[in-house]
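Trainee: After the structure tokens below, expect a handful of questions from me.
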Amino acid sequence: MSLAAEAFVSQIAAAEPWPQNATLYQPLREDQILLSDCASSLAVQAYLRMCGLPVRVCCRANAEYMSPSGKVPFIHVGNQVVSELGPIVQFTKAKGHSLSDGLDDVQRAEMKAYMELVNNMLLTAELYIQWCDDTTASEITRQRYSSPYSWPLNHILAYQKQWEVRRKMNAIGWAGKGLEQVYEDVSQCCQALSQRLGTQPFFFNKQPTELDALVFGHLFTILTTRLTTDELSERIKSCSNLLSFCRRIEQTYFEEDKDSQSAGSQYSRGPSLF
Amino acid sequence: GPLICVPELLPCERLFGFVKMAALLELFCWKGSWGLPSVDSDSLVVLAYARFTGAPLKIHKISNPWRSPTGSLPALKTKEEGSFSHPSKIIIHLRKQKYNADYDLSAKEGADTLAFISLLEEKLVPALIYTLWIDSKNYVEVTRRWYAENISFPLNFFLPSRMQHQQLERVRLMRGDGALEAGEEAEKELYRDAQECMNLLSQRLSSNKFFFGDSPSSLDAYVFGHLVPLLKIKLPNSRLQQHLKALDNLSNFCTNILSLYFPSEGQEGVSRPASSSQEGSDFDHEPYKRRKQLLSVLVAVAAMLSYALLSGIVAIEHVQEEGPARGAASIGPAQEEEED
């Protein structure tokens with residue numbers, strides 16, 4: 001997109017208020033979505049709920065191919081489509097909704113840095129376990145990923161995706177890591193988050209920011225998803241303040257519709273890879 | 001190709017002599033230029049960390065990754081645990097040997113270190129690779145030129161372009177964009193992230209000498225290693241450089257570390273570009289140029305000859321051998337033969 005076009009888009013975004021029919025698209029919740037996509041989707045939903053912006057969650061088998069960047073989730077607001085948490089935060093900011101306005105420069109720098117820590121370590125670890133651990137890949141990931149397609153397309157797409165993720169791991173130097181090392185990295189990341197959170201209710205004290213939404217999305221999804229082993233969720237459970245942090249956000253932002261059949265109830269049951 | 005070995009001694013080694021030398025670790029990294037101890041970011045990170053902690057390393061500054069024990073640079077060679085190449089692994093190993101620059105950090109500062117290193121890897125590294133390896137003007141005029149001049153003879157023909165291919169692939173996979181190409185759009189996107197990252201680092205550093213107080217830690221090594229090449233290498237397309245130079249505290253941070261921990265490089269950097277580098281390149285590489293010219297002429301001649309021999313021109317040679325001899329003796333019989 002050219003600079004002029006981008007400026008134009010953000011102007012439009014600023015002009016129009018948030019519509020009631022905003023939609024978030026993600027892969028099928030019951031038998032398609034993978035751990036990493038589910039975590040990213042939950043992070044976006046948590047962020048929008050923290051902003052008080054209503055969004056309807058819509059599950060589509062071809063969500064990945066509908067997204068402009070090829071990544072899920074993405075939101076459809078008015079006549080615009082935005083994917084991934086970072087751009088969505090920018091987008092809502094243009095509309096006058098921001099969670100990080102109260103932070104000073106150093107705090108904002110730290111918030112961005114911790115968000116990259118989550119992307120760099122937790123998200124990469126999720127991808128690694130999904131696609132590079134042979135047991136998980138064959139028992140769970142390939143089956144779920146290709147569930148909407150029939151033979152032979154299901155095999156082709158699943159192996160293509162697996163090959164792409166493995167090449168990425170190679171490029172960022174994760175290919176040589178063993179599973180144990182990846183779990184160790186997750187522990188290290190959780191300990192860093194736990195240290196940073198301390199005894200505060202949110203990462204930057206009283207008010208939630210996009211960092212809280214991102215951390216919640218990943219930790220909650222890992223905690224409520226059954227994989228071939230419990231190793232990953234056990235690593236998180238060793239940090240008690242992170243557990244109560246997840247519970248706090250769930251209660252504050254997802255509790256009200258627990259009784260109804262919408263989003264909340266499914267999260268309390270937990271999205272499962274089985 | 002000659003292996004350039006520069007065993008560097010740290011002050012403590014000079015004091016205590018070579019008592020521990022036998023059991024020392026060996027570090028292989030890219031050699032330096034432009035007043036930098038190494039031209040490669042990862043090598044710089046490890047070198048800076050080693051200097052911060054005073055770890056006694058035997059340092060081999062080389063320009064042939066095939067000479068490294070792991071096949072890539074930097075690489076740390078240990079007696080007990082083999083060799084490894086990833087900077088974080090090297091740092092973890094040095095930490096295990098009690099060379100720990102993060103010893104004084106609180107748990108929260110340790111967490112911040114991890115977070116800012118992630119920020120650097122996600123936001124800054126792709127743009128740095130772009131500016132050195134993918135931007136075609138910078139690549140052709142600076143990066144490829146340096147590697148082609150410094151890598152030894154047969155490898156310098158294909159190693160730089162192979163490295164470029166790998167770096168492009170790396171950026172594509174890191175960004176999850178398989179179609180990423182050199183161009184305005186990719187540049188804008190990558191540079192926007194990198195500039196934001198530099199701003200955030202500058203805000204975090206503010207007026208401090210180092211990121212966490214008065215002594216350098218591993219985060220300082222990472223930031224220095226990634227930013228200082230941008231400050232020192234003169235690039236034709238310098239958008240990213242200009243942004244860094246405008247952030248005074250961050251560029252001072254880099255030059256401070258360079259003068260405090262790599263004083264010898266600073267002097268070389270002053271003398272080299274002024275006197276030897278420009279003229280030196282013409283003089284020093286003159287014999288290589290001659291040798292290459294001679295070699296290419298020889299190769300061309302050999303190719304022409306073998307083509308001549310193989311493709312039937314051999315008959316002419318045959319005729320030339322016998323033709324003139326007979327022709328000189330008598331033309332008649334030759335004509336008769338033809339008539340028959």
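Labels used: A, B, ... for chains in the order of the structure tokens, numbers from 1 for residues in each chain, and numbers from 1 for ligands as shown.
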Taking only C-alpha atoms into account, report as JSON, numbers by chain which residues of chain A lie within 6 Å of chain B.

Mentor: {"A": [106, 109, 113, 114, 116, 117, 120, 168, 171, 192, 195, 196]}

Trainee: For Arg60 of chain A, find every residue with an atom within 12 Å (counting only C-alpha atoms), except residues of its own chain fewer than 2 positions away, and show them as a count of residues only.

Mentor: 23

Trainee: Using only C-alpha atoms for the distances, tell me which of B:Glu141, B:Phe84, B:His60, B:Trp133 is nearest to Lys177 of chain A.

Mentor: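 Between B:Glu141, B:Phe84, B:His60, B:Trp133, the residue approaching Lys177 of chain A most closely is B:Phe84.
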
Trainee: How many Å lie between atom CA of Val125 of chain B and atom CA of Arg162 of chain B, rounded to one decimal?

Mentor: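 Atom CA of Arg162 of chain B lies 19.0 Å from atom CA of Val125 of chain B.
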
Trainee: Return as a PyMOL selection string the full set of residues in segment 96-276 of chain B whose backbone-based DSSP assignment is alpha helix (DSSP H).

Mentor: chain B and resi 96+107-119+125-129+136-138+144-150+159-175+184-205+218-232+239-246+248-261+263-271

Trainee: I'd like the neighbourhood of segment 208-211 of chain A as a CSV table (one decimal) with all heavy atoms, in the first residue's frame, where a residue qualifies if any of its atoms comes within 10 Å (using only C-alpha atoms), though same-chain residues fewer than 3 positions away should be ignored.

Mentor:
chain,number,residue,atom,x,y,z
A,43,ALA,N,-6.3,-13.7,21.8
A,43,ALA,CA,-5.6,-12.4,22.1
A,43,ALA,C,-6.3,-11.2,21.5
A,43,ALA,O,-6.6,-10.2,22.2
A,43,ALA,CB,-4.1,-12.4,21.7
A,44,VAL,N,-6.7,-11.4,20.2
A,44,VAL,CA,-7.4,-10.3,19.6
A,44,VAL,C,-8.8,-10.1,20.2
A,44,VAL,O,-9.2,-8.9,20.5
A,44,VAL,CB,-7.6,-10.5,18.1
A,44,VAL,CG1,-8.5,-9.5,17.4
A,44,VAL,CG2,-6.2,-10.5,17.4
A,46,ALA,N,-9.7,-10.8,23.3
A,46,ALA,CA,-9.5,-10.2,24.6
A,46,ALA,C,-9.2,-8.7,24.5
A,46,ALA,O,-9.7,-7.9,25.2
A,46,ALA,CB,-8.3,-10.8,25.3
A,47,TYR,N,-8.4,-8.3,23.5
A,47,TYR,CA,-8.0,-6.9,23.3
A,47,TYR,C,-9.3,-6.1,23.0
A,47,TYR,O,-9.5,-5.1,23.6
A,47,TYR,CB,-7.0,-6.8,22.1
A,47,TYR,CG,-6.8,-5.3,21.8
A,47,TYR,CD1,-6.0,-4.5,22.6
A,47,TYR,CD2,-7.3,-4.8,20.6
A,47,TYR,CE1,-5.8,-3.2,22.3
A,47,TYR,CE2,-7.1,-3.4,20.3
A,47,TYR,CZ,-6.4,-2.6,21.1
A,47,TYR,OH,-6.2,-1.3,20.8
A,48,LEU,N,-10.1,-6.6,22.1
A,48,LEU,CA,-11.3,-5.9,21.7
A,48,LEU,C,-12.3,-5.8,22.9
A,48,LEU,O,-12.9,-4.7,23.0
A,48,LEU,CB,-12.0,-6.5,20.5
A,48,LEU,CG,-11.2,-6.5,19.2
A,48,LEU,CD1,-11.9,-7.3,18.1
A,48,LEU,CD2,-11.0,-5.0,18.7
A,50,MET,N,-11.4,-5.7,26.0
A,50,MET,CA,-10.8,-4.7,26.9
A,50,MET,C,-11.1,-3.3,26.4
A,50,MET,O,-11.3,-2.3,27.2
A,50,MET,CB,-9.3,-4.9,27.0
A,50,MET,CG,-8.9,-6.1,27.8
A,50,MET,SD,-7.1,-6.4,27.6
A,50,MET,CE,-6.9,-7.8,28.7
A,51,CYS,N,-11.1,-3.1,25.1
A,51,CYS,CA,-11.5,-1.8,24.5
A,51,CYS,C,-13.0,-1.5,24.6
A,51,CYS,O,-13.4,-0.4,24.3
A,51,CYS,CB,-11.0,-1.7,23.1
A,51,CYS,SG,-9.3,-1.6,22.8
A,85,LEU,N,-2.8,-9.0,15.6
A,85,LEU,CA,-3.0,-8.1,16.7
A,85,LEU,C,-2.4,-6.7,16.5
A,85,LEU,O,-3.0,-5.7,16.7
A,85,LEU,CB,-2.5,-8.8,18.0
A,85,LEU,CG,-2.7,-7.9,19.3
A,85,LEU,CD1,-4.2,-7.7,19.6
A,85,LEU,CD2,-2.1,-8.6,20.5
A,86,GLY,N,-1.1,-6.7,16.1
A,86,GLY,CA,-0.4,-5.5,15.9
A,86,GLY,C,-1.1,-4.5,15.0
A,86,GLY,O,-1.5,-3.4,15.5
A,89,VAL,N,-4.4,-3.3,16.6
A,89,VAL,CA,-4.2,-2.3,17.6
A,89,VAL,C,-4.1,-0.9,17.0
A,89,VAL,O,-4.7,0.1,17.4
A,89,VAL,CB,-3.0,-2.6,18.5
A,89,VAL,CG1,-2.6,-1.4,19.4
A,89,VAL,CG2,-3.2,-3.8,19.4
A,98,SER,N,-7.7,3.3,22.5
A,98,SER,CA,-6.4,2.8,22.8
A,98,SER,C,-6.3,2.4,24.2
A,98,SER,O,-6.9,3.1,25.1
A,98,SER,CB,-5.3,3.9,22.4
A,98,SER,OG,-4.1,3.5,22.9
A,99,LEU,N,-5.5,1.4,24.5
A,99,LEU,CA,-5.3,1.0,25.9
A,99,LEU,C,-4.0,1.5,26.5
A,99,LEU,O,-3.7,1.4,27.7
A,99,LEU,CB,-5.3,-0.5,26.0
A,99,LEU,CG,-6.6,-1.2,25.7
A,99,LEU,CD1,-6.5,-2.7,25.7
A,99,LEU,CD2,-7.8,-0.8,26.6
A,100,SER,N,-3.1,1.9,25.6
A,100,SER,CA,-1.7,2.3,26.1
A,100,SER,C,-1.4,3.8,26.1
A,100,SER,O,-0.3,4.2,26.1
A,100,SER,CB,-0.7,1.5,25.2
A,100,SER,OG,-1.0,1.7,23.9
A,101,ASP,N,-2.5,4.6,26.0
A,101,ASP,CA,-2.2,6.0,26.0
A,101,ASP,C,-1.7,6.6,27.3
A,101,ASP,O,-0.9,7.5,27.3
A,101,ASP,CB,-3.5,6.8,25.7
A,101,ASP,CG,-3.7,6.8,24.2
A,101,ASP,OD1,-2.8,6.5,23.4
A,101,ASP,OD2,-4.9,7.2,23.7
A,102,GLY,N,-2.0,5.9,28.4
A,102,GLY,CA,-1.6,6.4,29.7
A,102,GLY,C,-0.1,6.1,30.1
A,102,GLY,O,0.4,6.5,31.1
A,103,LEU,N,0.5,5.3,29.2
A,103,LEU,CA,1.9,4.9,29.5
A,103,LEU,C,2.9,6.0,29.1
A,103,LEU,O,2.7,6.7,28.2
A,103,LEU,CB,2.3,3.6,28.8
A,103,LEU,CG,1.4,2.4,29.0
A,103,LEU,CD1,1.9,1.2,28.2
A,103,LEU,CD2,1.2,2.1,30.4
A,108,ARG,N,6.1,2.3,27.4
A,108,ARG,CA,5.6,1.9,26.1
A,108,ARG,C,6.7,1.1,25.4
A,108,ARG,O,6.4,0.0,24.8
A,108,ARG,CB,5.2,3.1,25.2
A,108,ARG,CG,4.5,2.7,24.0
A,108,ARG,CD,3.8,3.8,23.2
A,108,ARG,NE,2.9,4.6,24.1
A,108,ARG,CZ,3.0,5.9,24.3
A,108,ARG,NH1,4.0,6.6,23.8
A,108,ARG,NH2,2.1,6.5,25.1
A,110,GLU,N,8.9,-0.8,27.0
A,110,GLU,CA,8.9,-2.1,27.6
A,110,GLU,C,7.7,-2.9,27.2
A,110,GLU,O,7.8,-4.1,27.0
A,110,GLU,CB,8.9,-1.9,29.2
A,110,GLU,CG,10.2,-1.4,29.7
A,110,GLU,CD,10.2,-1.0,31.1
A,110,GLU,OE1,9.1,-0.9,31.7
A,110,GLU,OE2,11.3,-0.7,31.6
A,111,MET,N,6.5,-2.3,27.0
A,111,MET,CA,5.3,-3.0,26.6
A,111,MET,C,5.6,-3.7,25.2
A,111,MET,O,5.3,-4.9,25.0
A,111,MET,CB,4.1,-2.1,26.5
A,111,MET,CG,2.9,-2.8,26.2
A,111,MET,SD,1.5,-1.7,25.8
A,111,MET,CE,2.0,-1.2,24.1
A,112,LYS,N,6.1,-2.9,24.3
A,112,LYS,CA,6.4,-3.4,23.0
A,112,LYS,C,7.4,-4.6,23.0
A,112,LYS,O,7.3,-5.6,22.3
A,112,LYS,CB,6.9,-2.3,22.1
A,112,LYS,CG,5.9,-1.2,21.7
A,112,LYS,CD,5.2,-1.5,20.4
A,112,LYS,CE,4.0,-0.6,20.2
A,112,LYS,NZ,4.2,0.7,19.7
A,113,ALA,N,8.4,-4.4,23.9
A,113,ALA,CA,9.5,-5.4,24.0
A,113,ALA,C,8.9,-6.7,24.5
A,113,ALA,O,9.2,-7.8,24.0
A,113,ALA,CB,10.6,-4.9,24.9
A,114,TYR,N,8.0,-6.6,25.5
A,114,TYR,CA,7.4,-7.9,26.1
A,114,TYR,C,6.5,-8.5,25.1
A,114,TYR,O,6.4,-9.7,25.1
A,114,TYR,CB,6.8,-7.6,27.4
A,114,TYR,CG,7.7,-7.6,28.6
A,114,TYR,CD1,8.4,-6.5,29.0
A,114,TYR,CD2,8.1,-8.8,29.2
A,114,TYR,CE1,9.4,-6.5,30.0
A,114,TYR,CE2,9.0,-8.9,30.2
A,114,TYR,CZ,9.6,-7.7,30.6
A,114,TYR,OH,10.6,-7.7,31.6
A,115,MET,N,5.8,-7.7,24.3
A,115,MET,CA,5.0,-8.3,23.3
A,115,MET,C,5.8,-9.1,22.3
A,115,MET,O,5.4,-10.2,21.8
A,115,MET,CB,4.2,-7.2,22.5
A,115,MET,CG,3.1,-6.6,23.4
A,115,MET,SD,2.1,-5.4,22.6
A,115,MET,CE,1.0,-6.4,21.6
A,116,GLU,N,7.0,-8.6,21.9
A,116,GLU,CA,7.8,-9.3,21.0
A,116,GLU,C,8.4,-10.5,21.7
A,116,GLU,O,8.7,-11.5,21.0
A,116,GLU,CB,9.0,-8.4,20.5
A,116,GLU,CG,8.5,-7.3,19.6
A,116,GLU,CD,7.5,-7.8,18.5
A,116,GLU,OE1,7.7,-8.9,18.0
A,116,GLU,OE2,6.6,-7.0,18.1
A,118,VAL,N,6.7,-12.4,23.7
A,118,VAL,CA,5.7,-13.4,23.6
A,118,VAL,C,5.7,-14.0,22.1
A,118,VAL,O,5.6,-15.2,21.9
A,118,VAL,CB,4.3,-12.9,23.9
A,118,VAL,CG1,3.2,-13.9,23.6
A,118,VAL,CG2,4.3,-12.4,25.4
A,201,PRO,N,-2.1,-6.3,39.3
A,201,PRO,CA,-3.2,-7.0,38.6
A,201,PRO,C,-3.0,-7.1,37.1
A,201,PRO,O,-3.3,-8.1,36.5
A,201,PRO,CB,-4.4,-6.1,38.9
A,201,PRO,CG,-3.8,-4.7,39.3
A,201,PRO,CD,-2.5,-5.0,39.9
A,202,PHE,N,-2.4,-6.1,36.5
A,202,PHE,CA,-2.0,-6.1,35.1
A,202,PHE,C,-0.5,-5.7,34.9
A,202,PHE,O,0.1,-5.3,35.9
A,202,PHE,CB,-2.9,-5.2,34.3
A,202,PHE,CG,-4.4,-5.5,34.4
A,202,PHE,CD1,-5.2,-4.7,35.1
A,202,PHE,CD2,-4.8,-6.7,33.7
A,202,PHE,CE1,-6.6,-5.1,35.1
A,202,PHE,CE2,-6.2,-7.0,33.8
A,202,PHE,CZ,-7.1,-6.2,34.5
A,203,PHE,N,0.0,-5.9,33.7
A,203,PHE,CA,1.4,-5.7,33.5
A,203,PHE,C,1.8,-4.2,33.8
A,203,PHE,O,2.9,-4.0,34.3
A,203,PHE,CB,1.9,-6.1,32.1
A,203,PHE,CG,2.1,-7.5,32.0
A,203,PHE,CD1,1.1,-8.4,31.6
A,203,PHE,CD2,3.4,-8.1,32.3
A,203,PHE,CE1,1.3,-9.8,31.5
A,203,PHE,CE2,3.6,-9.4,32.3
A,203,PHE,CZ,2.6,-10.3,31.9
A,204,PHE,N,0.9,-3.3,33.5
A,204,PHE,CA,1.2,-1.9,33.9
A,204,PHE,C,0.2,-1.4,34.9
A,204,PHE,O,-0.7,-0.6,34.6
A,204,PHE,CB,1.4,-1.0,32.6
A,204,PHE,CG,2.6,-1.4,31.8
A,204,PHE,CD1,2.4,-2.3,30.7
A,204,PHE,CD2,3.8,-1.0,32.1
A,204,PHE,CE1,3.5,-2.7,30.0
A,204,PHE,CE2,4.9,-1.4,31.4
A,204,PHE,CZ,4.8,-2.3,30.3
A,205,ASN,N,0.2,-2.1,36.0
A,205,ASN,CA,-0.6,-1.8,37.2
A,205,ASN,C,-2.1,-1.9,36.9
A,205,ASN,O,-2.6,-3.0,36.5
A,205,ASN,CB,-0.2,-0.5,37.8
A,205,ASN,CG,-0.4,-0.5,39.2
A,205,ASN,OD1,-0.9,-1.5,39.8
A,205,ASN,ND2,-0.2,0.6,39.9
A,214,LEU,N,-2.4,-10.1,24.8
A,214,LEU,CA,-1.6,-11.0,24.1
A,214,LEU,C,-1.1,-12.2,25.0
A,214,LEU,O,-1.2,-13.3,24.7
A,214,LEU,CB,-0.3,-10.3,23.5
A,214,LEU,CG,0.6,-11.1,22.7
A,214,LEU,CD1,-0.1,-11.6,21.4
A,214,LEU,CD2,1.8,-10.3,22.3
A,215,VAL,N,-0.7,-11.8,26.2
A,215,VAL,CA,-0.2,-12.8,27.2
A,215,VAL,C,-1.4,-13.7,27.6
A,215,VAL,O,-1.2,-15.0,27.6
A,215,VAL,CB,0.4,-12.2,28.5
A,215,VAL,CG1,0.7,-13.2,29.5
A,215,VAL,CG2,1.7,-11.4,28.1
A,216,PHE,N,-2.5,-13.1,27.9
A,216,PHE,CA,-3.7,-13.9,28.2
A,216,PHE,C,-4.1,-14.9,27.1
A,216,PHE,O,-4.3,-16.1,27.3
A,216,PHE,CB,-4.9,-13.0,28.5
A,216,PHE,CG,-6.2,-13.7,28.6
A,216,PHE,CD1,-6.5,-14.5,29.8
A,216,PHE,CD2,-7.1,-13.7,27.6
A,216,PHE,CE1,-7.7,-15.2,29.9
A,216,PHE,CE2,-8.3,-14.4,27.7
A,216,PHE,CZ,-8.6,-15.1,28.8
A,217,GLY,N,-4.1,-14.4,25.8
A,217,GLY,CA,-4.4,-15.2,24.7
A,217,GLY,C,-3.6,-16.5,24.6
A,217,GLY,O,-4.1,-17.6,24.5
A,249,ILE,N,-8.5,-12.1,34.1
A,249,ILE,CA,-8.9,-11.6,32.9
A,249,ILE,C,-10.1,-12.4,32.4
A,249,ILE,O,-11.1,-11.8,31.8
A,249,ILE,CB,-7.8,-11.6,31.8
A,249,ILE,CG1,-6.7,-10.6,32.3
A,249,ILE,CG2,-8.3,-11.3,30.4
A,249,ILE,CD1,-5.7,-10.3,31.3

Trainee: So that I can check the secondary structure, give me every residue of segment 58-150 of chain A assigned strand (DSSP E or B) by backbone DSSP, as number ranges by chain.

Mentor: A: 58-59, 74-77, 80-83

Trainee: Tell me, as a list of chain:residue names, which residues lie within 10 Å of Gln130 of chain A, counting only C-alpha atoms; anything in the same chain fewer than 4 positions away does not count.

Mentor: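 Everything that qualifies: A:Leu34, A:Leu35, A:Ser36, A:Thr124, A:Ala125, A:Glu126, A:Asp134, A:Thr135, A:Thr136, A:Ala137, A:Ser138, A:Glu139, A:Ile140, A:Thr141, A:Arg142, A:Gln162, A:Val165, A:Leu227.
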
Trainee: I'd like the neighbourhood of segment 245-258 of chain B as a list in words, where a residue qualifies if any of its atoms comes within 6 Å (using only C-alpha atoms), though same-chain residues fewer than 3 positions away should be ignored.

Mentor: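 In the requested format, the answer is Ser202, Phe224, Val228, Gln242, Tyr261 and Phe262 of chain B.
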
Trainee: Can you write out the residues you just picked, keeping N, CA, C and O atoms, as a compact mmCIF listing (two decimals), in the first residue's frame?

Mentor:
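Listed below is the output, part-v1.txt:
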# COMPACT_ATOMS: atom_id res chain seq x y z
N SER B 202 16.14 3.76 22.21
CA SER B 202 16.65 5.06 22.62
C SER B 202 15.91 5.57 23.85
O SER B 202 16.51 6.11 24.78
N PHE B 224 24.65 -3.26 20.84
CA PHE B 224 25.89 -2.79 20.20
C PHE B 224 26.18 -3.58 18.92
O PHE B 224 26.41 -3.00 17.86
N VAL B 228 26.08 -1.10 15.69
CA VAL B 228 27.34 -0.45 15.34
C VAL B 228 27.72 -0.62 13.86
O VAL B 228 28.26 0.32 13.26
N GLN B 242 20.74 7.03 8.72
CA GLN B 242 20.45 8.41 9.12
C GLN B 242 19.53 8.44 10.33
O GLN B 242 19.69 9.28 11.21
N TYR B 261 35.96 -0.64 24.76
CA TYR B 261 36.25 -2.07 24.78
C TYR B 261 37.03 -2.55 23.56
O TYR B 261 37.54 -3.65 23.55
N PHE B 262 37.07 -1.74 22.52
CA PHE B 262 37.85 -2.12 21.33
C PHE B 262 38.74 -0.95 20.91
O PHE B 262 38.62 -0.45 19.80

Trainee: Name all residues at most 6 Å from segment 147-153 of chain B (count only C-alpha atoms; drop same-chain ones fewer than 2 positions away) and give them as a tab-separated table (two decimals) with all heavy atoms, in the first residue's frame.

Mentor:
chain	number	residue	atom	x	y	z
B	1	GLY	N	43.70	-20.50	0.24
B	1	GLY	CA	43.41	-19.25	0.94
B	1	GLY	C	44.11	-19.22	2.30
B	1	GLY	O	44.09	-20.22	3.02
B	63	SER	N	38.01	-15.06	7.31
B	63	SER	CA	37.06	-14.63	6.28
B	63	SER	C	36.63	-15.80	5.43
B	63	SER	O	36.35	-15.66	4.25
B	63	SER	CB	37.68	-13.53	5.43
B	63	SER	OG	38.85	-14.02	4.84
B	64	ASN	N	36.63	-16.97	6.03
B	64	ASN	CA	36.17	-18.15	5.30
B	64	ASN	C	35.34	-19.01	6.24
B	64	ASN	O	35.88	-19.70	7.10
B	64	ASN	CB	37.39	-18.94	4.80
B	64	ASN	CG	36.97	-20.17	4.03
B	64	ASN	OD1	35.78	-20.49	3.94
B	64	ASN	ND2	37.93	-20.88	3.48
B	144	ARG	N	28.73	-7.06	-1.19
B	144	ARG	CA	29.32	-8.07	-2.06
B	144	ARG	C	30.79	-7.75	-2.32
B	144	ARG	O	31.62	-8.64	-2.36
B	144	ARG	CB	28.56	-8.14	-3.38
B	144	ARG	CG	29.00	-9.33	-4.24
B	144	ARG	CD	28.19	-9.45	-5.48
B	144	ARG	NE	28.41	-8.34	-6.40
B	144	ARG	CZ	27.71	-8.16	-7.54
B	144	ARG	NH1	26.75	-9.01	-7.85
B	144	ARG	NH2	27.95	-7.15	-8.32
B	145	ARG	N	31.08	-6.46	-2.47
B	145	ARG	CA	32.45	-6.06	-2.74
B	145	ARG	C	33.36	-6.49	-1.60
B	145	ARG	O	34.43	-7.06	-1.82
B	145	ARG	CB	32.48	-4.55	-2.92
B	145	ARG	CG	33.69	-4.11	-3.65
B	145	ARG	CD	33.63	-2.65	-3.98
B	145	ARG	NE	34.99	-2.17	-4.03
B	145	ARG	CZ	35.33	-0.91	-3.97
B	145	ARG	NH1	34.40	0.00	-3.83
B	145	ARG	NH2	36.58	-0.56	-4.03
B	155	LEU	N	36.38	-19.44	-3.59
B	155	LEU	CA	35.10	-19.29	-2.89
B	155	LEU	C	34.46	-17.93	-3.14
B	155	LEU	O	33.24	-17.80	-3.12
B	155	LEU	CB	35.30	-19.45	-1.38
B	155	LEU	CG	35.73	-20.82	-0.89
B	155	LEU	CD1	35.88	-20.80	0.62
B	155	LEU	CD2	34.71	-21.87	-1.29
B	156	ASN	N	35.28	-16.91	-3.39
B	156	ASN	CA	34.72	-15.56	-3.47
B	156	ASN	C	33.81	-15.39	-4.69
B	156	ASN	O	33.08	-14.43	-4.78
B	156	ASN	CB	35.83	-14.50	-3.47
B	156	ASN	CG	36.75	-14.64	-4.64
B	156	ASN	OD1	36.65	-15.60	-5.41
B	156	ASN	ND2	37.66	-13.71	-4.79

Trainee: So how many Å separate atom CA of Leu42 of chain A and atom CA of His218 of chain A, to one decimal?

Mentor: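 Taking atom CA of Leu42 of chain A and atom CA of His218 of chain A, their separation equals 7.7 Å.
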